Every structure is written in structure tokens, then in C-alpha cells.
$ cat my_file.cif   # mmCIF, N, CA and C atoms
data_structure
#
loop_
_atom_site.label_atom_id
_atom_site.label_comp_id
_atom_site.auth_asym_id
_atom_site.auth_seq_id
_atom_site.Cartn_x
_atom_site.Cartn_y
_atom_site.Cartn_z
N MET A 1 229.90 -31.54 166.41
CA MET A 1 229.94 -30.44 167.35
C MET A 1 228.80 -30.61 168.35
N PRO A 2 229.08 -30.53 169.65
CA PRO A 2 228.04 -30.72 170.64
C PRO A 2 227.02 -29.59 170.62
N THR A 3 225.81 -29.94 170.96
CA THR A 3 224.76 -28.93 171.05
C THR A 3 224.90 -28.17 172.36
N GLU A 4 224.18 -27.06 172.43
CA GLU A 4 224.20 -26.26 173.66
C GLU A 4 223.74 -27.08 174.86
N ARG A 5 222.82 -27.99 174.61
CA ARG A 5 222.30 -28.84 175.67
C ARG A 5 223.38 -29.75 176.27
N GLU A 6 224.38 -30.10 175.45
CA GLU A 6 225.44 -31.00 175.90
C GLU A 6 226.55 -30.26 176.64
N ARG A 7 226.44 -28.97 176.73
CA ARG A 7 227.46 -28.18 177.44
C ARG A 7 227.05 -27.96 178.89
N VAL A 8 228.02 -27.91 179.75
CA VAL A 8 227.77 -27.59 181.15
C VAL A 8 228.12 -26.13 181.34
N GLN A 9 227.19 -25.36 181.87
CA GLN A 9 227.42 -23.93 182.03
C GLN A 9 228.67 -23.67 182.87
N GLY A 10 229.56 -22.80 182.36
CA GLY A 10 230.77 -22.46 183.09
C GLY A 10 231.90 -23.45 182.88
N HIS A 11 231.66 -24.53 182.20
CA HIS A 11 232.70 -25.54 181.95
C HIS A 11 233.52 -25.10 180.75
N ALA A 12 234.82 -25.30 180.79
CA ALA A 12 235.70 -24.84 179.74
C ALA A 12 235.58 -25.64 178.46
N TYR A 13 235.13 -26.88 178.53
CA TYR A 13 235.07 -27.74 177.35
C TYR A 13 233.68 -28.29 177.17
N ALA A 14 233.38 -28.66 175.94
CA ALA A 14 232.11 -29.30 175.65
C ALA A 14 232.04 -30.65 176.36
N VAL A 15 230.88 -31.00 176.87
CA VAL A 15 230.69 -32.27 177.54
C VAL A 15 229.84 -33.16 176.65
N PRO A 16 230.41 -34.26 176.14
CA PRO A 16 229.64 -35.12 175.25
C PRO A 16 228.59 -35.92 176.01
N SER A 17 227.52 -36.25 175.30
CA SER A 17 226.52 -37.12 175.90
C SER A 17 227.14 -38.50 176.05
N PRO A 18 226.66 -39.31 177.00
CA PRO A 18 227.25 -40.65 177.17
C PRO A 18 227.21 -41.49 175.90
N ALA A 19 226.21 -41.31 175.08
CA ALA A 19 226.10 -42.10 173.85
C ALA A 19 227.15 -41.69 172.81
N ARG A 20 227.60 -40.44 172.86
CA ARG A 20 228.58 -39.93 171.89
C ARG A 20 229.98 -39.83 172.47
N ARG A 21 230.18 -40.27 173.69
CA ARG A 21 231.47 -40.14 174.35
C ARG A 21 232.53 -40.98 173.64
N VAL A 22 233.68 -40.35 173.39
CA VAL A 22 234.83 -41.03 172.80
C VAL A 22 236.00 -40.81 173.75
N THR A 23 236.53 -41.90 174.33
CA THR A 23 237.68 -41.77 175.23
C THR A 23 238.96 -41.90 174.42
N VAL A 24 239.91 -40.99 174.71
CA VAL A 24 241.11 -40.87 173.90
C VAL A 24 242.34 -40.78 174.79
N GLU A 25 243.44 -41.37 174.34
CA GLU A 25 244.74 -41.11 174.93
C GLU A 25 245.59 -40.45 173.86
N VAL A 26 246.42 -39.47 174.27
CA VAL A 26 247.26 -38.73 173.34
C VAL A 26 248.71 -38.92 173.75
N LEU A 27 249.53 -39.41 172.84
CA LEU A 27 250.94 -39.67 173.11
C LEU A 27 251.82 -38.85 172.17
N ASN A 28 252.79 -38.18 172.72
CA ASN A 28 253.71 -37.35 171.96
C ASN A 28 254.83 -38.22 171.40
N GLY A 29 254.85 -38.38 170.09
CA GLY A 29 255.89 -39.17 169.43
C GLY A 29 256.95 -38.28 168.80
N THR A 30 257.16 -37.09 169.39
CA THR A 30 258.17 -36.16 168.91
C THR A 30 259.06 -35.75 170.08
N LYS A 31 260.06 -34.93 169.78
CA LYS A 31 260.92 -34.39 170.84
C LYS A 31 260.45 -33.01 171.29
N ARG A 32 259.33 -32.53 170.73
CA ARG A 32 258.80 -31.22 171.10
C ARG A 32 257.99 -31.32 172.38
N PRO A 33 258.44 -30.70 173.46
CA PRO A 33 257.73 -30.80 174.74
C PRO A 33 256.38 -30.10 174.70
N GLY A 34 255.42 -30.66 175.41
CA GLY A 34 254.11 -30.05 175.56
C GLY A 34 253.14 -30.30 174.43
N LEU A 35 253.54 -31.05 173.44
CA LEU A 35 252.69 -31.27 172.28
C LEU A 35 251.43 -32.08 172.63
N ALA A 36 251.59 -33.10 173.46
CA ALA A 36 250.43 -33.92 173.84
C ALA A 36 249.42 -33.09 174.63
N ARG A 37 249.90 -32.20 175.48
CA ARG A 37 249.01 -31.34 176.26
C ARG A 37 248.23 -30.40 175.34
N SER A 38 248.90 -29.84 174.35
CA SER A 38 248.22 -28.94 173.41
C SER A 38 247.19 -29.68 172.57
N ALA A 39 247.54 -30.87 172.10
CA ALA A 39 246.59 -31.67 171.33
C ALA A 39 245.40 -32.06 172.20
N THR A 40 245.66 -32.33 173.47
CA THR A 40 244.57 -32.65 174.41
C THR A 40 243.59 -31.50 174.49
N ARG A 41 244.08 -30.29 174.60
CA ARG A 41 243.20 -29.11 174.66
C ARG A 41 242.34 -29.01 173.40
N ARG A 42 242.98 -29.21 172.27
CA ARG A 42 242.24 -29.13 171.00
C ARG A 42 241.13 -30.18 170.95
N LEU A 43 241.45 -31.42 171.32
CA LEU A 43 240.46 -32.49 171.28
C LEU A 43 239.32 -32.24 172.26
N ARG A 44 239.64 -31.74 173.44
CA ARG A 44 238.60 -31.45 174.43
C ARG A 44 237.67 -30.34 173.96
N ARG A 45 238.22 -29.36 173.26
CA ARG A 45 237.37 -28.30 172.71
C ARG A 45 236.38 -28.85 171.69
N HIS A 46 236.70 -29.98 171.10
CA HIS A 46 235.80 -30.63 170.14
C HIS A 46 234.90 -31.66 170.82
N GLY A 47 234.89 -31.69 172.14
CA GLY A 47 233.99 -32.58 172.87
C GLY A 47 234.48 -33.99 173.05
N LEU A 48 235.76 -34.25 172.81
CA LEU A 48 236.32 -35.59 173.00
C LEU A 48 236.90 -35.71 174.40
N ASP A 49 236.77 -36.87 174.99
CA ASP A 49 237.17 -37.10 176.38
C ASP A 49 238.58 -37.68 176.44
N VAL A 50 239.58 -36.80 176.57
CA VAL A 50 240.96 -37.26 176.69
C VAL A 50 241.20 -37.66 178.14
N VAL A 51 241.46 -38.94 178.35
CA VAL A 51 241.62 -39.46 179.71
C VAL A 51 243.09 -39.64 180.11
N HIS A 52 243.99 -39.52 179.12
CA HIS A 52 245.42 -39.65 179.41
C HIS A 52 246.23 -38.98 178.30
N PHE A 53 247.30 -38.30 178.70
CA PHE A 53 248.27 -37.82 177.71
C PHE A 53 249.66 -37.98 178.28
N GLY A 54 250.63 -38.16 177.38
CA GLY A 54 252.01 -38.37 177.82
C GLY A 54 252.91 -38.57 176.61
N ASN A 55 254.00 -39.28 176.82
CA ASN A 55 254.98 -39.51 175.76
C ASN A 55 254.85 -40.91 175.18
N ALA A 56 255.08 -41.01 173.89
CA ALA A 56 255.10 -42.31 173.22
C ALA A 56 256.43 -43.00 173.51
N ASP A 57 256.49 -44.29 173.28
CA ASP A 57 257.71 -45.06 173.50
C ASP A 57 258.81 -44.71 172.50
N ALA A 58 258.41 -44.26 171.31
CA ALA A 58 259.40 -43.98 170.25
C ALA A 58 258.93 -42.79 169.42
N ALA A 59 259.87 -42.14 168.77
CA ALA A 59 259.56 -41.03 167.88
C ALA A 59 258.95 -41.57 166.58
N VAL A 60 257.99 -40.80 166.03
CA VAL A 60 257.36 -41.19 164.77
C VAL A 60 257.29 -39.99 163.84
N GLU A 61 257.30 -40.25 162.55
CA GLU A 61 257.23 -39.18 161.55
C GLU A 61 255.80 -38.71 161.33
N SER A 62 254.87 -39.66 161.25
CA SER A 62 253.49 -39.35 160.89
C SER A 62 252.54 -39.61 162.06
N THR A 63 251.57 -38.72 162.20
CA THR A 63 250.56 -38.86 163.24
C THR A 63 249.63 -40.02 162.90
N ARG A 64 249.36 -40.85 163.91
CA ARG A 64 248.46 -41.99 163.75
C ARG A 64 247.31 -41.88 164.73
N VAL A 65 246.12 -42.18 164.26
CA VAL A 65 244.91 -42.24 165.07
C VAL A 65 244.51 -43.71 165.08
N ILE A 66 244.66 -44.34 166.24
CA ILE A 66 244.49 -45.79 166.33
C ILE A 66 243.19 -46.14 167.05
N VAL A 67 242.28 -46.77 166.34
CA VAL A 67 241.01 -47.20 166.93
C VAL A 67 241.26 -48.46 167.73
N ARG A 68 240.97 -48.41 169.03
CA ARG A 68 241.22 -49.55 169.92
C ARG A 68 239.99 -50.41 170.13
N ARG A 69 238.81 -49.80 170.12
CA ARG A 69 237.58 -50.57 170.31
C ARG A 69 236.39 -49.78 169.78
N ASP A 70 235.31 -50.44 169.64
CA ASP A 70 234.05 -49.87 169.17
C ASP A 70 234.13 -49.45 167.71
N ASP A 71 233.37 -48.44 167.37
CA ASP A 71 233.16 -47.99 166.01
C ASP A 71 234.37 -47.28 165.41
N PRO A 72 234.87 -47.72 164.24
CA PRO A 72 235.98 -47.02 163.60
C PRO A 72 235.68 -45.56 163.28
N GLY A 73 234.40 -45.19 163.22
CA GLY A 73 234.01 -43.80 163.00
C GLY A 73 234.52 -42.88 164.09
N ARG A 74 234.76 -43.42 165.26
CA ARG A 74 235.30 -42.62 166.36
C ARG A 74 236.71 -42.14 166.02
N GLY A 75 237.47 -42.95 165.32
CA GLY A 75 238.80 -42.55 164.89
C GLY A 75 238.73 -41.41 163.89
N ARG A 76 237.74 -41.46 163.01
CA ARG A 76 237.57 -40.39 162.04
C ARG A 76 237.19 -39.08 162.73
N ALA A 77 236.40 -39.16 163.80
CA ALA A 77 236.04 -37.95 164.55
C ALA A 77 237.27 -37.32 165.20
N VAL A 78 238.16 -38.16 165.72
CA VAL A 78 239.40 -37.67 166.33
C VAL A 78 240.29 -37.05 165.27
N ARG A 79 240.42 -37.72 164.14
CA ARG A 79 241.24 -37.20 163.04
C ARG A 79 240.72 -35.85 162.58
N GLU A 80 239.41 -35.73 162.46
CA GLU A 80 238.81 -34.47 162.03
C GLU A 80 239.11 -33.35 163.03
N ALA A 81 239.04 -33.64 164.31
CA ALA A 81 239.33 -32.63 165.34
C ALA A 81 240.79 -32.20 165.31
N LEU A 82 241.69 -33.14 165.03
CA LEU A 82 243.12 -32.81 164.96
C LEU A 82 243.49 -32.15 163.64
N GLY A 83 242.78 -32.52 162.59
CA GLY A 83 243.09 -32.00 161.27
C GLY A 83 244.22 -32.74 160.58
N ILE A 84 244.63 -33.86 161.15
CA ILE A 84 245.74 -34.63 160.59
C ILE A 84 245.70 -36.04 161.17
N GLY A 85 246.38 -36.94 160.49
CA GLY A 85 246.54 -38.30 161.02
C GLY A 85 245.94 -39.34 160.12
N ARG A 86 246.55 -40.50 160.15
CA ARG A 86 246.04 -41.65 159.41
C ARG A 86 245.31 -42.55 160.39
N VAL A 87 244.07 -42.87 160.09
CA VAL A 87 243.26 -43.72 160.96
C VAL A 87 243.54 -45.18 160.65
N VAL A 88 243.89 -45.95 161.69
CA VAL A 88 244.11 -47.39 161.56
C VAL A 88 243.34 -48.09 162.68
N VAL A 89 242.99 -49.32 162.47
CA VAL A 89 242.29 -50.12 163.48
C VAL A 89 243.26 -51.15 164.03
N GLU A 90 243.54 -51.06 165.32
CA GLU A 90 244.36 -52.04 166.03
C GLU A 90 243.64 -52.33 167.35
N ARG A 91 242.77 -53.30 167.34
CA ARG A 91 241.96 -53.60 168.51
C ARG A 91 242.83 -53.94 169.72
N ASP A 92 242.50 -53.34 170.85
CA ASP A 92 243.21 -53.59 172.11
C ASP A 92 242.32 -53.13 173.25
N THR A 93 241.44 -54.00 173.71
CA THR A 93 240.49 -53.63 174.75
C THR A 93 241.15 -53.46 176.12
N LEU A 94 242.38 -53.88 176.27
CA LEU A 94 243.08 -53.69 177.55
C LEU A 94 243.51 -52.25 177.78
N ARG A 95 243.56 -51.43 176.74
CA ARG A 95 244.00 -50.04 176.86
C ARG A 95 242.95 -49.15 177.51
N ARG A 96 241.72 -49.56 177.56
CA ARG A 96 240.62 -48.83 178.19
C ARG A 96 240.34 -47.47 177.58
N VAL A 97 240.66 -47.32 176.31
CA VAL A 97 240.29 -46.12 175.56
C VAL A 97 239.72 -46.57 174.22
N ASP A 98 238.92 -45.69 173.62
CA ASP A 98 238.38 -46.00 172.30
C ASP A 98 239.42 -45.74 171.22
N VAL A 99 240.22 -44.67 171.42
CA VAL A 99 241.17 -44.24 170.40
C VAL A 99 242.49 -43.82 171.06
N SER A 100 243.60 -44.21 170.46
CA SER A 100 244.93 -43.72 170.85
C SER A 100 245.43 -42.83 169.73
N VAL A 101 246.07 -41.72 170.09
CA VAL A 101 246.69 -40.84 169.11
C VAL A 101 248.18 -40.81 169.40
N VAL A 102 248.98 -41.05 168.38
CA VAL A 102 250.43 -40.90 168.50
C VAL A 102 250.80 -39.74 167.58
N LEU A 103 251.19 -38.62 168.19
CA LEU A 103 251.53 -37.42 167.42
C LEU A 103 252.90 -37.57 166.79
N GLY A 104 252.97 -37.29 165.50
CA GLY A 104 254.23 -37.38 164.78
C GLY A 104 254.79 -36.01 164.47
N GLU A 105 255.94 -36.00 163.81
CA GLU A 105 256.60 -34.75 163.43
C GLU A 105 255.74 -33.89 162.51
N ASP A 106 254.77 -34.49 161.83
CA ASP A 106 253.91 -33.74 160.92
C ASP A 106 252.84 -32.93 161.65
N PHE A 107 252.65 -33.13 162.95
CA PHE A 107 251.60 -32.42 163.69
C PHE A 107 252.05 -31.00 164.02
N ARG A 108 251.20 -30.04 163.68
CA ARG A 108 251.46 -28.63 163.98
C ARG A 108 250.33 -28.09 164.82
N LEU A 109 250.66 -27.16 165.69
CA LEU A 109 249.66 -26.60 166.59
C LEU A 109 248.68 -25.67 165.90
N GLY A 110 249.05 -25.05 164.81
CA GLY A 110 248.13 -24.22 164.05
C GLY A 110 247.54 -23.07 164.83
N GLY A 111 248.41 -22.24 165.41
CA GLY A 111 247.93 -21.04 166.09
C GLY A 111 247.73 -21.20 167.59
N GLU A 112 248.00 -22.37 168.13
CA GLU A 112 247.88 -22.54 169.58
C GLU A 112 248.87 -21.61 170.28
N ALA A 113 248.42 -20.90 171.27
CA ALA A 113 249.25 -19.93 171.95
C ALA A 113 250.17 -20.55 172.99
N ARG A 114 249.71 -21.62 173.62
CA ARG A 114 250.48 -22.24 174.69
C ARG A 114 250.96 -23.62 174.28
N PRO A 115 252.11 -24.06 174.80
CA PRO A 115 252.58 -25.41 174.47
C PRO A 115 251.78 -26.47 175.20
#
$ encode --input "my_file.cif" --output "C-alpha cells"
Amino acid sequence: MPTERERVQGHAYAVPSPARRVTVEVLNGTKRPGLARSATRRLRRHGLDVVHFGNADAAVESTRVIVRRDDPGRGRAVREALGIGRVVVERDTLRRVDVSVVLGEDFRLGGEARP
């Protein structure tokens, strides 16, 4: 959880320090519209830097948190913020993110008001 010092006054989301910054892409692997946007909001509230969200190429049953580069602990931080997902390491420095999330049918919004 970011400290008060890491927050920008009036900003809607926590701003991570450059040393703790985790860049994330969120892909919706379900047929439920708006799921990637909702997951993006949740991750940003936890101080994670979601730089892209959209649809996955295929539907998936289980949510996956894929570590693309750097420390695998970053994947665990994303999983903790989502509350679900299996962390796997699949290095791919061309993706330009630290972590990719593919939301599966098992992902629930858990009280989110908006899609």
C-alpha cells in the first residue's frame, strides 16, 4: 500500500514511486463486457500502473497473472490486488509491461458498482 507521500493530492489513484512502479496490461478473456476496465480501476487503486486494457485473443476459464520481465514478486503484488489468479513467468520484453493479466471466467468484481 502506498504511503501518503506517494500520493498526489487530488489524484484519484495512488501514484507509485519510480522504484516500486509495476506496469500492467489487463486483457479480458471472457465474454463479459467492461471487465478489463473494472479490473484496471481495482489495480490502480492499489497503486499499480495499468498502461493498457482490452480484450484477450481467446476466452479462458482461469485468471492468469503473467510476469513478463523483472522480479516475479511483481506478479504476486498484482495477484494480491486482484484477489485471484495464478502467477506464471513467461518472459517477453517486447510487450513493454512488467505483468500481463488475462481475466478468466473465475474473476468476479466483488462489489464493483460500475462495469
$ resolve_selection --input "my_file.cif" --expression "the PyMOL selection byres ((chain A and resi 104) around 6.5)" --output "list of chain:residue names"
A:Asn28, A:Gly29, A:Thr30, A:Val60, A:Glu61, A:Ser62, A:Thr63, A:Arg64, A:Val102, A:Leu103, A:Glu105, A:Asp106, A:Phe107
$ write_last_selection --input "my_file.cif" --atoms "N, CA and C atoms" --output "PDB file, in the coordinates of the input"
ATOM      1  N   ASN A  28     252.790 -38.180 172.720  1.00  0.00           N
ATOM      2  CA  ASN A  28     253.710 -37.350 171.960  1.00  0.00           C
ATOM      3  C   ASN A  28     254.830 -38.220 171.400  1.00  0.00           C
ATOM      4  N   GLY A  29     254.850 -38.380 170.090  1.00  0.00           N
ATOM      5  CA  GLY A  29     255.890 -39.170 169.430  1.00  0.00           C
ATOM      6  C   GLY A  29     256.950 -38.280 168.800  1.00  0.00           C
ATOM      7  N   THR A  30     257.160 -37.090 169.390  1.00  0.00           N
ATOM      8  CA  THR A  30     258.170 -36.160 168.910  1.00  0.00           C
ATOM      9  C   THR A  30     259.060 -35.750 170.080  1.00  0.00           C
ATOM     10  N   VAL A  60     257.990 -40.800 166.030  1.00  0.00           N
ATOM     11  CA  VAL A  60     257.360 -41.190 164.770  1.00  0.00           C
ATOM     12  C   VAL A  60     257.290 -39.990 163.840  1.00  0.00           C
ATOM     13  N   GLU A  61     257.300 -40.250 162.550  1.00  0.00           N
ATOM     14  CA  GLU A  61     257.230 -39.180 161.550  1.00  0.00           C
ATOM     15  C   GLU A  61     255.800 -38.710 161.330  1.00  0.00           C
ATOM     16  N   SER A  62     254.870 -39.660 161.250  1.00  0.00           N
ATOM     17  CA  SER A  62     253.490 -39.350 160.890  1.00  0.00           C
ATOM     18  C   SER A  62     252.540 -39.610 162.060  1.00  0.00           C
ATOM     19  N   THR A  63     251.570 -38.720 162.200  1.00  0.00           N
ATOM     20  CA  THR A  63     250.560 -38.860 163.240  1.00  0.00           C
ATOM     21  C   THR A  63     249.630 -40.020 162.900  1.00  0.00           C
ATOM     22  N   ARG A  64     249.360 -40.850 163.910  1.00  0.00           N
ATOM     23  CA  ARG A  64     248.460 -41.990 163.750  1.00  0.00           C
ATOM     24  C   ARG A  64     247.310 -41.880 164.730  1.00  0.00           C
ATOM     25  N   VAL A 102     248.980 -41.050 168.380  1.00  0.00           N
ATOM     26  CA  VAL A 102     250.430 -40.900 168.500  1.00  0.00           C
ATOM     27  C   VAL A 102     250.800 -39.740 167.580  1.00  0.00           C
ATOM     28  N   LEU A 103     251.190 -38.620 168.190  1.00  0.00           N
ATOM     29  CA  LEU A 103     251.530 -37.420 167.420  1.00  0.00           C
ATOM     30  C   LEU A 103     252.900 -37.570 166.790  1.00  0.00           C
ATOM     31  N   GLU A 105     255.940 -36.000 163.810  1.00  0.00           N
ATOM     32  CA  GLU A 105     256.600 -34.750 163.430  1.00  0.00           C
ATOM     33  C   GLU A 105     255.740 -33.890 162.510  1.00  0.00           C
ATOM     34  N   ASP A 106     254.770 -34.490 161.830  1.00  0.00           N
ATOM     35  CA  ASP A 106     253.910 -33.740 160.920  1.00  0.00           C
ATOM     36  C   ASP A 106     252.840 -32.930 161.650  1.00  0.00           C
ATOM     37  N   PHE A 107     252.650 -33.130 162.950  1.00  0.00           N
ATOM     38  CA  PHE A 107     251.600 -32.420 163.690  1.00  0.00           C
ATOM     39  C   PHE A 107     252.050 -31.000 164.020  1.00  0.00           C
TER      40      PHE A 107
END
$ atom_distance --input "my_file.cif" --atom1 "CA of Val87 (chain A)" --atom2 "atom C of Gly47 (chain A)"
17.8 Å
$ closest_residue --input "my_file.cif" --among "A:Ala56, A:Val99, A:Ala36, A:Val26" --to "Gly75 (chain A)" --atoms "only N, CA and C atoms"
A:Val99
$ axis_aligned_box --input "my_file.cif" --around "region 43-51 of chain A" --padding-each-side "5 Å" --output "AutoDock Vina command-line options"
--center_x 238.5 --center_y -34.0 --center_z 175.1 --size_x 19.1 --size_y 21.3 --size_z 20.0
$ atom_distance --input "my_file.cif" --atom1 "atom N of Glu90 (chain A)" --atom2 "atom C of Arg42 (chain A)"
21.8 Å
$ residues_around --input "my_file.cif" --residues "Val67 (chain A)" --least-positions-apart "2" --cutoff "5 Å" --atoms "only N, CA and C atoms" --output "PyMOL selection string"
chain A and resi 65+69+88-90+98-99
$ atom_distance --input "my_file.cif" --atom1 "atom N of Asp71 (chain A)" --atom2 "atom N of Leu109 (chain A)"
27.5 Å
$ closest_residue --input "my_file.cif" --among "A:Arg68, A:Gly34, A:Arg79, A:Val51" --to "Arg91 (chain A)" --atoms "only N, CA and C atoms"
A:Arg68
$ resolve_selection --input "my_file.cif" --expression "the PyMOL selection byres ((chain A and resi 25) around 5)" --output "list in words"
Thr23, Val24, Val26, Leu27, His52, Val99, Ser100 and Val101 of chain A
$ decode --input "my_file.cif" --residues "region 15-44 of chain A" --atoms "C-alpha atoms" --output "PDB file, in the first residue's frame"
ATOM      1  CA  VAL A  15       0.940   7.116  -7.510  1.00  0.00           C
ATOM      2  CA  PRO A  16       3.762   4.604  -7.009  1.00  0.00           C
ATOM      3  CA  SER A  17       7.326   5.722  -6.564  1.00  0.00           C
ATOM      4  CA  PRO A  18       9.503   5.011  -9.624  1.00  0.00           C
ATOM      5  CA  ALA A  19      11.327   2.275  -7.706  1.00  0.00           C
ATOM      6  CA  ARG A  20       8.052   0.469  -6.895  1.00  0.00           C
ATOM      7  CA  ARG A  21       6.311   1.072 -10.224  1.00  0.00           C
ATOM      8  CA  VAL A  22       4.750  -2.017 -11.804  1.00  0.00           C
ATOM      9  CA  THR A  23       3.437  -1.631 -15.360  1.00  0.00           C
ATOM     10  CA  VAL A  24       0.489  -3.865 -16.169  1.00  0.00           C
ATOM     11  CA  GLU A  25      -1.732  -4.741 -19.107  1.00  0.00           C
ATOM     12  CA  VAL A  26      -5.188  -6.193 -18.430  1.00  0.00           C
ATOM     13  CA  LEU A  27      -6.923  -8.384 -21.008  1.00  0.00           C
ATOM     14  CA  ASN A  28     -10.496  -9.617 -20.777  1.00  0.00           C
ATOM     15  CA  GLY A  29     -10.589 -13.339 -21.536  1.00  0.00           C
ATOM     16  CA  THR A  30     -14.364 -13.575 -21.020  1.00  0.00           C
ATOM     17  CA  LYS A  31     -17.494 -12.541 -22.905  1.00  0.00           C
ATOM     18  CA  ARG A  32     -18.471 -10.128 -20.101  1.00  0.00           C
ATOM     19  CA  PRO A  33     -18.052  -6.567 -21.409  1.00  0.00           C
ATOM     20  CA  GLY A  34     -16.218  -3.994 -19.312  1.00  0.00           C
ATOM     21  CA  LEU A  35     -14.381  -6.487 -17.140  1.00  0.00           C
ATOM     22  CA  ALA A  36     -10.892  -5.284 -18.101  1.00  0.00           C
ATOM     23  CA  ARG A  37     -11.871  -1.680 -17.326  1.00  0.00           C
ATOM     24  CA  SER A  38     -13.175  -2.665 -13.883  1.00  0.00           C
ATOM     25  CA  ALA A  39     -10.061  -4.695 -13.093  1.00  0.00           C
ATOM     26  CA  THR A  40      -7.968  -1.718 -14.228  1.00  0.00           C
ATOM     27  CA  ARG A  41      -9.717   0.501 -11.687  1.00  0.00           C
ATOM     28  CA  ARG A  42      -9.092  -2.018  -8.929  1.00  0.00           C
ATOM     29  CA  LEU A  43      -5.388  -2.339  -9.793  1.00  0.00           C
ATOM     30  CA  ARG A  44      -4.918   1.428  -9.998  1.00  0.00           C
TER      31      ARG A  44
END
